[in-house]
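Q: Next comes protein.tsv, TSV, C-alpha atoms:
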chain	number	residue	atom	x	y	z
Q	1	MET	CA	-77.14	-18.53	29.25
Q	2	PRO	CA	-79.50	-18.94	26.25
Q	3	TYR	CA	-79.16	-21.82	23.81
Q	4	ARG	CA	-77.93	-19.71	20.88
Q	5	GLU	CA	-75.25	-18.04	22.97
Q	6	LYS	CA	-74.02	-21.45	24.12
Q	7	SER	CA	-74.09	-22.57	20.50
Q	8	ALA	CA	-71.88	-19.59	19.55
Q	9	TRP	CA	-69.48	-20.49	22.41
Q	10	ALA	CA	-69.31	-24.09	21.16
Q	11	SER	CA	-68.59	-22.94	17.61
Q	12	LEU	CA	-65.95	-20.47	18.81
Q	13	ALA	CA	-64.23	-23.06	21.01
Q	14	SER	CA	-64.19	-25.78	18.34
Q	15	THR	CA	-62.88	-23.34	15.68
Q	16	LEU	CA	-60.11	-22.11	18.01
Q	17	VAL	CA	-59.08	-25.63	19.04
Q	18	VAL	CA	-59.10	-27.20	15.56
Q	19	TYR	CA	-57.55	-24.35	13.58
Q	20	GLY	CA	-55.20	-23.51	16.45
Q	21	ALA	CA	-53.85	-27.06	16.16
Q	22	TYR	CA	-53.80	-26.81	12.35
Q	23	PHE	CA	-51.67	-23.65	12.28
Q	24	ALA	CA	-49.46	-24.87	15.14
Q	25	ILE	CA	-48.58	-27.96	13.10
Q	26	LEU	CA	-48.48	-26.15	9.77
Q	27	ILE	CA	-46.16	-23.22	10.53
Q	28	PRO	CA	-43.04	-25.37	11.26
Q	29	ARG	CA	-43.75	-27.37	8.10
Q	30	LEU	CA	-44.01	-24.26	5.91
Q	31	THR	CA	-40.84	-22.76	7.34
Q	32	ALA	CA	-38.85	-26.03	7.18
Q	33	ASP	CA	-35.91	-26.22	4.82
Q	34	PRO	CA	-36.30	-28.27	2.70
Q	35	LEU	CA	-40.06	-27.76	2.50
Q	36	HIS	CA	-42.23	-30.58	3.87
Q	37	PRO	CA	-43.27	-32.78	0.88
Q	38	GLN	CA	-46.99	-32.39	1.54
Q	39	PRO	CA	-47.23	-29.49	3.95
Q	40	TYR	CA	-50.96	-28.99	4.37
Q	41	LEU	CA	-53.46	-30.91	2.21
Q	42	GLY	CA	-53.76	-33.98	4.45
Q	43	LEU	CA	-53.60	-31.84	7.55
Q	44	LEU	CA	-56.34	-29.54	6.28
Q	45	PHE	CA	-58.57	-32.50	5.40
Q	46	GLY	CA	-58.09	-33.93	8.89
Q	47	CYS	CA	-58.89	-30.59	10.50
Q	48	VAL	CA	-62.06	-30.08	8.47
Q	49	VAL	CA	-63.29	-33.59	9.39
Q	50	SER	CA	-62.38	-32.99	13.07
Q	51	LEU	CA	-64.21	-29.66	13.06
Q	52	VAL	CA	-67.35	-31.22	11.55
Q	53	VAL	CA	-67.31	-34.11	14.07
Q	54	LEU	CA	-66.65	-31.76	17.02
Q	55	GLN	CA	-69.42	-29.39	15.94
Q	56	VAL	CA	-71.93	-32.22	15.44
Q	57	VAL	CA	-71.15	-33.61	18.92
Q	58	LEU	CA	-71.25	-30.22	20.70
Q	59	GLN	CA	-74.31	-28.85	18.91
Q	60	SER	CA	-76.21	-32.14	19.36
Q	61	ALA	CA	-75.37	-32.20	23.07
Q	62	LEU	CA	-76.63	-28.62	23.41
Q	63	ALA	CA	-79.81	-29.32	21.45
Q	64	ILE	CA	-80.54	-32.36	23.66
Q	65	THR	CA	-79.85	-30.61	26.98
Q	66	LEU	CA	-81.68	-27.40	26.01
Q	67	ARG	CA	-84.43	-29.04	23.95
Q	68	GLU	CA	-87.12	-26.40	24.56
Q	69	ASP	CA	-84.84	-23.45	23.66
Q	70	ALA	CA	-83.44	-25.27	20.63
Q	71	ARG	CA	-86.91	-25.91	19.22
Q	72	GLN	CA	-87.85	-22.23	19.25
Q	73	PRO	CA	-87.33	-20.38	15.98
Q	74	LYS	CA	-84.98	-17.38	16.05
Q	75	ASP	CA	-86.74	-14.21	17.11
Q	76	GLU	CA	-86.02	-10.71	15.75
Q	77	ARG	CA	-83.21	-9.98	18.25
Q	78	GLU	CA	-81.40	-13.23	17.46
Q	79	ARG	CA	-81.76	-12.60	13.73
Q	80	LEU	CA	-80.39	-9.07	14.24
Q	81	ILE	CA	-77.43	-10.45	16.20
Q	82	GLY	CA	-76.83	-12.93	13.37
Q	83	MET	CA	-76.79	-10.13	10.79
Q	84	LYS	CA	-74.54	-7.88	12.88
Q	85	SER	CA	-72.02	-10.63	13.56
Q	86	ASP	CA	-72.05	-11.56	9.85
Q	87	ARG	CA	-71.17	-7.93	9.09
Q	88	VAL	CA	-68.27	-8.03	11.55
Q	89	ALA	CA	-67.03	-11.26	9.91
Q	90	MET	CA	-67.33	-9.68	6.47
Q	91	VAL	CA	-65.23	-6.68	7.53
Q	92	VAL	CA	-62.55	-8.95	9.04
Q	93	MET	CA	-62.44	-11.16	5.95
Q	94	ALA	CA	-62.30	-8.20	3.53
Q	95	THR	CA	-59.52	-6.58	5.59
Q	96	THR	CA	-57.51	-9.78	5.71
Q	97	ILE	CA	-57.88	-10.42	1.98
Q	98	GLY	CA	-57.00	-6.76	1.30
Q	99	CYS	CA	-53.85	-7.07	3.41
Q	100	LEU	CA	-52.97	-10.31	1.67
Q	101	TRP	CA	-53.39	-8.72	-1.75
Q	102	TRP	CA	-51.25	-5.76	-0.66
Q	103	MET	CA	-48.52	-8.06	0.67
Q	104	TYR	CA	-48.51	-9.99	-2.60
Q	105	VAL	CA	-48.34	-6.85	-4.75
Q	106	ALA	CA	-45.82	-5.04	-2.57
Q	107	SER	CA	-43.54	-7.97	-1.88
Q	108	PRO	CA	-44.24	-11.29	-3.65
Q	109	ALA	CA	-41.06	-12.69	-2.09
Q	110	PHE	CA	-42.54	-12.18	1.39
Q	111	ILE	CA	-45.41	-14.51	0.53
Q	112	GLY	CA	-42.87	-17.04	-0.72
Q	113	ASN	CA	-44.87	-19.83	-2.32
Q	114	ASN	CA	-48.42	-20.91	-3.13
Q	115	ALA	CA	-48.74	-22.97	0.07
Q	116	ILE	CA	-48.13	-19.87	2.19
Q	117	LEU	CA	-50.48	-17.78	0.03
Q	118	ALA	CA	-53.28	-20.38	0.29
Q	119	ASN	CA	-52.86	-20.69	4.05
Q	120	LEU	CA	-52.82	-16.95	4.60
Q	121	ALA	CA	-56.16	-16.82	2.75
Q	122	LEU	CA	-57.42	-19.68	4.93
Q	123	PHE	CA	-56.24	-17.76	7.99
Q	124	GLY	CA	-58.43	-14.86	6.84
Q	125	LEU	CA	-61.45	-17.15	6.64
Q	126	VAL	CA	-60.75	-18.62	10.09
Q	127	LEU	CA	-60.27	-15.14	11.56
Q	128	ALA	CA	-63.61	-14.08	10.05
Q	129	ALA	CA	-65.34	-17.12	11.59
Q	130	ILE	CA	-63.79	-16.36	14.99
Q	131	ALA	CA	-64.88	-12.71	14.69
Q	132	LYS	CA	-68.44	-13.83	13.85
Q	133	PHE	CA	-68.81	-16.12	16.87
Q	134	ALA	CA	-67.03	-13.73	19.26
Q	135	SER	CA	-69.08	-10.72	18.18
Q	136	ALA	CA	-72.32	-12.73	18.48
Q	137	ILE	CA	-71.38	-13.57	22.08
Q	138	VAL	CA	-70.62	-9.90	22.79
Q	139	TYR	CA	-73.96	-8.84	21.27
Q	140	PHE	CA	-75.81	-11.44	23.34
Q	141	HIS	CA	-74.25	-9.98	26.50
Q	142	ARG	CA	-74.14	-6.28	25.72
Q	143	GLY	CA	-77.34	-6.09	23.69
Q	144	ALA	CA	-77.93	-5.84	19.96
V	1	MET	CA	-77.39	14.37	27.36
V	2	VAL	CA	-77.97	10.83	26.10
V	3	ALA	CA	-81.22	9.81	24.46
V	4	ALA	CA	-82.59	6.34	25.00
V	5	ILE	CA	-85.73	4.29	24.65
V	6	VAL	CA	-86.86	3.14	28.07
V	7	ASN	CA	-89.76	0.90	28.96
V	8	ALA	CA	-92.13	-0.18	31.70
V	9	VAL	CA	-92.36	-3.85	30.72
V	10	ARG	CA	-91.15	-5.12	34.09
V	11	ARG	CA	-93.67	-3.03	36.03
V	12	LEU	CA	-96.50	-3.98	33.67
V	13	ARG	CA	-95.67	-7.68	34.06
V	14	PHE	CA	-96.01	-7.44	37.82
V	15	GLU	CA	-99.21	-5.44	37.51
V	16	HIS	CA	-100.63	-8.24	35.36
V	17	GLY	CA	-100.58	-11.04	37.89
V	18	GLU	CA	-96.79	-11.31	38.10
V	19	MET	CA	-96.63	-12.57	34.57
V	20	THR	CA	-93.32	-14.35	33.95
V	21	GLN	CA	-90.86	-13.32	31.24
V	22	ALA	CA	-91.38	-16.73	29.63
V	23	ASP	CA	-95.16	-16.24	29.56
V	24	LEU	CA	-94.84	-12.79	27.98
V	25	ALA	CA	-92.27	-14.15	25.54
V	26	SER	CA	-94.54	-16.95	24.37
V	27	ARG	CA	-97.43	-14.50	23.91
V	28	ILE	CA	-95.41	-12.16	21.69
V	29	GLY	CA	-93.46	-14.84	19.82
V	30	MET	CA	-90.05	-14.08	21.28
V	31	THR	CA	-87.56	-15.83	23.51
V	32	ARG	CA	-87.40	-15.23	27.26
V	33	GLN	CA	-83.87	-13.86	26.82
V	34	THR	CA	-85.13	-11.19	24.44
V	35	VAL	CA	-87.80	-10.10	26.92
V	36	ALA	CA	-85.05	-9.88	29.58
V	37	ALA	CA	-82.91	-7.80	27.19
V	38	ILE	CA	-85.85	-5.45	26.51
V	39	GLU	CA	-86.45	-4.97	30.26
V	40	GLN	CA	-82.79	-4.14	30.82
V	41	ASN	CA	-82.90	-1.63	27.94
V	42	LYS	CA	-80.28	-3.67	26.12
V	43	TYR	CA	-82.53	-4.16	23.11
V	44	SER	CA	-85.19	-1.94	21.55
V	45	PRO	CA	-87.80	-4.13	19.85
V	46	SER	CA	-89.25	-3.51	16.41
V	47	LEU	CA	-92.42	-1.44	16.14
V	48	GLU	CA	-94.42	-4.61	15.46
V	49	ALA	CA	-93.07	-6.29	18.60
V	50	ALA	CA	-93.73	-3.12	20.62
V	51	PHE	CA	-97.38	-3.19	19.53
V	52	ARG	CA	-97.63	-6.88	20.41
V	53	ILE	CA	-96.26	-6.20	23.90
V	54	ALA	CA	-98.64	-3.28	24.42
V	55	ARG	CA	-101.57	-5.42	23.27
V	56	VAL	CA	-100.73	-8.14	25.82
V	57	PHE	CA	-100.97	-5.54	28.61
V	58	GLY	CA	-104.00	-3.82	27.08
V	59	VAL	CA	-102.32	-0.41	26.99
V	60	GLY	CA	-100.99	1.96	24.34
V	61	VAL	CA	-97.43	1.68	23.04
V	62	ASP	CA	-96.59	5.02	24.64
V	63	GLN	CA	-97.42	3.58	28.06
V	64	VAL	CA	-94.90	0.80	27.54
V	65	PHE	CA	-92.09	2.61	25.72
V	66	GLN	CA	-90.89	6.17	26.14
V	67	TRP	CA	-88.25	8.24	24.38
V	68	GLN	CA	-86.07	9.69	27.10
V	69	GLU	CA	-83.51	12.44	26.48
V	70	ASP	CA	-81.93	12.16	29.93
V	71	SER	CA	-79.86	9.04	30.58
V	72	SER	CA	-80.57	9.33	34.31
V	73	PHE	CA	-84.20	8.38	33.63
V	74	SER	CA	-85.69	5.78	35.91
V	75	GLU	CA	-89.14	4.36	36.34
V	76	GLU	CA	-89.26	5.62	39.94
V	77	LYS	CA	-88.63	9.20	38.79
V	78	GLU	CA	-91.25	8.80	36.09
V	79	ALA	CA	-93.78	7.48	38.62
V	80	LYS	CA	-93.12	10.48	40.92
V	81	ARG	CA	-93.50	12.85	37.99
V	82	LEU	CA	-96.91	11.39	37.12
Kindly return the structure encoded in the file as structure tokens.
A:
Amino acid sequence: MPYREKSAWASLASTLVVYGAYFAILIPRLTADPLHPQPYLGLLFGCVVSLVVLQVVLQSALAITLREDARQPKDERERLIGMKSDRVAMVVMATTIGCLWWMYVASPAFIGNNAILANLALFGLVLAAIAKFASAIVYFHRGA
Amino acid sequence: MVAAIVNAVRRLRFEHGEMTQADLASRIGMTRQTVAAIEQNKYSPSLEAAFRIARVFGVGVDQVFQWQEDSSFSEEKEAKRL
């Protein structure tokens, strides 16, 4: 498996683990009655720091073990895969934001409060990141 | 009928002293994985890369890459036809 595919796997795994934990902790807090006093700011900060640390550790380990591959600049196929997976991420993010906007316009009560609105937007960003890494892996396997 | 770009990179490598994918990759400024993807017809390189590959083997681009209308194309069939 080439270095950049492993790198995409590492990014996908760390995003799934960290944001999976974030939303698993967050959802009970947002649905609690009465609402948790500080439902997500501290949690979000902790998750972002965890994601950065996890990514630095995983990507450094990959770069050390696959030193020769890591040193090589991206070639045209890898750049093409990067652009195609960015496009997939863009479509996912635009769709999620569109759905969010529609939900807000159609039924503001469904959204509930600003904390839910902000976290639904964050969910869209996370989904886009997952789509980017997953599609890059698929393109590496299936061909660009 | 499915059209596809097929290539003879694998055969040409072996005809040139069993050149490795890594060796070809370093000579055309690509990664070994991209050369493998080209050989498996999973990736069609840019025109510039196609010319670089042809130059390494000292042949024309049309001897490395062919436009094939029939998806059942194979190098063996092509060799018999020639």
Q: When you get a sec, could you note down which chain Q residues fall within 7 Å of chain V, using only C-alpha atoms, as an mmCIF file with C-alpha atoms, in the frame of the given file?
A:
data_model
loop_
_atom_site.group_PDB
_atom_site.id
_atom_site.type_symbol
_atom_site.label_atom_id
_atom_site.label_comp_id
_atom_site.auth_asym_id
_atom_site.auth_seq_id
_atom_site.Cartn_x
_atom_site.Cartn_y
_atom_site.Cartn_z
ATOM 1 C CA PRO Q 2 -79.500 -18.940 26.250
ATOM 2 C CA ASP Q 75 -86.740 -14.210 17.110
ATOM 3 C CA ARG Q 77 -83.210 -9.980 18.250
ATOM 4 C CA ARG Q 142 -74.140 -6.280 25.720
ATOM 5 C CA GLY Q 143 -77.340 -6.090 23.690
ATOM 6 C CA ALA Q 144 -77.930 -5.840 19.960
#
Q: Can you tell me, as a VMD selection string, what residues are no more than 12 Å from Q:Ser50 when counting only C-alpha atoms, ignoring any on the same chain fewer than 2 positions away?
A: chain Q and resid 14 to 15 17 to 19 21 to 22 43 to 48 52 to 57
Q: What is the atom CA of V:Phe65-atom CA of Q:Tyr3 distance in Å, reported with one decimal?
A: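 These two atoms are separated by 27.7 Å.
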Q: Taking 4 positions as the minimum chain separation for residues in the same chain, which residues sit within 12 Å of Q:Lys84 when counting only C-alpha atoms? Answer as a ChimeraX atom specification.
A: /Q:77-80,88-91,131-140,143-144
Q: Could you tell me how far atom CA of V:Val61 sits from atom CA of V:Leu47, in Å to one decimal place?
A: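 Computed distance, atom CA of V:Leu47 to atom CA of V:Val61, equals 9.1 Å.
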Q: Please list as a CSV table (one decimal) with C-alpha atoms, in the coordinates of the input every residue within 8 Å of stretch 95-110 of chain Q, counting only C-alpha atoms and excluding residues in the same chain fewer than 2 positions away.
A:
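Generated file (part31.csv):
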chain,number,residue,atom,x,y,z
Q,91,VAL,CA,-65.2,-6.7,7.5
Q,92,VAL,CA,-62.6,-9.0,9.0
Q,93,MET,CA,-62.4,-11.2,6.0
Q,112,GLY,CA,-42.9,-17.0,-0.7
Q,120,LEU,CA,-52.8,-17.0,4.6
Q,121,ALA,CA,-56.2,-16.8,2.8
Q,124,GLY,CA,-58.4,-14.9,6.8
Q: Would you compute the distance between atom CA of Q:Phe123 and atom CA of Q:Val49? Give it in Å to one decimal.
A: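 Computed distance, atom CA of Q:Phe123 to atom CA of Q:Val49, equals 17.4 Å.
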Q: Given the point (-46.9, -31.1, 11.2) in the file's coordinates, find the residues that have an atom at most 12 Å from it, counting all atoms listed in the file, and give them as JSON, numbers by chain.
A: {"Q": [21, 22, 23, 24, 25, 26, 27, 28, 29, 30, 31, 32, 35, 36, 37, 38, 39, 40, 41, 42, 43, 44, 46]}
Q: For each of Q:Ile81, Q:Asp69, Q:Glu76, Q:Ala128, take the minimum atom-to-atom distance to V:Ala22, counting all atoms listed in the file, then give the residue where this is smallest.
A: Q:Asp69
Q: Tell me which of Q:Lys6, Q:Arg71, Q:Arg87, Q:His141 sits closest to Q:Ala129, counting only C-alpha atoms.
A: Q:Arg87
